[in-house]
Structures are given as C-alpha cells and as structure tokens.
Amino acid sequence: MTATLSTRDQILDCAQGLIQTRGYNGFSFRDIASDIGIKSSSIHYYYPGKTDLAVAVASKYRSDFTEMTQDLLDSDTTSVAKLQAYADVFEVTLKHENRLCLCGMLASEVNSVEPELRAEIKAFFDDQHRVLMDILSDGQSKGEVRADLQTSETAKSYLAALEGAMMLARVNSTPSDIQQTAQQMIALIKT
C-alpha cells in the first residue's frame, strides 16, 4: 500500500519540479495550486511567500542529496567508481522530465533571489564540494587519484563540469553527454 503524500509534501514536490524545469522566476503559487488541485491560499498556509517555499524546497533537496552522497561515500567501491556514480545522478536527474539540478537552476538566478535562498544554494554547493574533496582525498590515499592534484580545485572543476554538461545536454537533448564529460574529467583525475 502506497502512502498518500501530505499536502505539504505535494507542494514541495511540485515546486521542486517547477523550479528544476522552469526556474525560480518561472512559476507561481497558482501553477502549484493548479497542478495539485488546491487553492493558492492553501499554499500560503504552509509557506507565506515564494521565498519561504523555495528555501524549504532547496533545504529538502540539499538534505536528500546529502543522504545520497553519504551513501556513496560509505560504499565499498573505488574513488573512480564513486566519481562515476556521482555523475550518474546528474544524468538520471536530466532524464527525469528534463530537469536540471535544483541548486544549479537556482544558482543561475541567484541575483534575483532573497538572501536566505541564496544562503541555501551556497550551502548545497559547499556540501557537494566537501563530498567531492573527500572522494578525491580518499582516492589519493589509496593511489587511485593523481597525487599532484589539488583536491579543492579539482572538486570544484568536477562539479562545475557536471553542472555545465547537464545544461548543454538539456539544450541538445543528449543526456549521455553528461557521462562523456564525467569520463573525460575522470581520465584527467585517475592514476
């Protein structure tokens, strides 16, 4: 038996999908209300304003992504396999309704969002930077990743490459381009 999502969860899920496909400035409470079959005023009951909703969506996304990446860190695979699995998440995301990374999409609109949402976006990227640095550092200690690489800069480059590859793959309708980018980056990283 499948549990029915609460109204709050339906709002969050719908808003996440809209942000990932249209961006922060591309949806309204009316869009959500129409999509899930409630009144706009019902959304205001849970989230007084659009920023409140977007912060909740970004926070949930960040938490979900952190859980996934923690599972990846805890897995008993090579660092190279972890980097590949990390890239897989981007491809799967794009294949799901042509969505982009939520915080990647929000980052493209960072100059038009409130400071509390900007802080959540930055926290997401800080978290992912740390995860990738951990993978790279572990790989260096095991001899799987080149010892001469700066883990901080390489982590930033890998994440930036995946975010950019995701955007280009979306424009070109070629999700597999994400894997090609990841493979090229991994070839530069591994020993």
# chains A, B, ... in the order shown; residues from 1 in each chain; ligands from 1
>>> closest_atom_pairs(of="range 114-146 of chain A", to="range 83-88 of chain A", cutoff="10 Å", atoms="only C-alpha atoms", output="tab-separated table")
residue	atom	partner	partner_atom	distance
A:Val131	CA	A:Tyr86	CA	9.9
A:Leu132	CA	A:Leu83	CA	7.9
A:Ile135	CA	A:Leu83	CA	7.5
A:Leu136	CA	A:Leu83	CA	8.6
>>> residues_around(residues="Pro175 in chain A", least_positions_apart="2", cutoff="10 Å", atoms="only C-alpha atoms", output="list in words")
Phe90, Glu91, Val92, Thr93, Leu94, Lys95, Asn98, Ala165, Met166, Met167, Leu168, Ala169, Arg170, Val171, Asn172, Ser173, Asp177, Ile178, Gln179 and Gln180 of chain A
>>> closest_residue(among="A:Thr77, A:Thr69, A:Ser59, A:Gln150", to="Lys122 in chain A", atoms="only C-alpha atoms")
A:Ser59
>>> residues_around(residues="range 41-48 of chain A", least_positions_apart="2", cutoff="9 Å", atoms="only C-alpha atoms", output="ChimeraX atom specification")
/A:7-8,11,29,32-33,38-39,50-53,56
>>> closest_residue(among="A:Asn25, A:Thr174, A:Gln20, A:Gln10", to="Gly37 in chain A", atoms="only C-alpha atoms")
A:Gln10
>>> select_by_dssp(residues="range 14-113 of chain A", states="helix (DSSP H, G or I)", output="ChimeraX atom specification")
/A:14-22,24-26,29-36,40-46,50-74,79-95,102-107,110-112
>>> closest_residue(among="A:Glu97, A:Glu120, A:Glu109, A:Asp35", to="Lys60 in chain A", atoms="only C-alpha atoms")
A:Glu120
>>> residues_around(residues="Gln140 in chain A", least_positions_apart="2", cutoff="12 Å", atoms="only C-alpha atoms", output="list of chain:residue names")
A:Thr78, A:Ser79, A:Val80, A:Met133, A:Asp134, A:Ile135, A:Leu136, A:Ser137, A:Asp138, A:Lys142, A:Gly143, A:Glu144, A:Val145, A:Arg146, A:Ala147, A:Asp148, A:Leu149, A:Gln150, A:Thr151, A:Ile189, A:Lys190, A:Thr191
>>> atom_distance(atom1="CA of Phe65 in chain A", atom2="CA of Leu102 in chain A")
10.4 Å
>>> closest_residue(among="A:Arg30, A:Arg62, A:Lys82, A:Lys156", to="His129 in chain A", atoms="only C-alpha atoms")
A:Lys156
>>> closest_residue(among="A:Ala58, A:Glu153, A:Asp71, A:Gln183", to="Asp13 in chain A", atoms="only C-alpha atoms")
A:Ala58
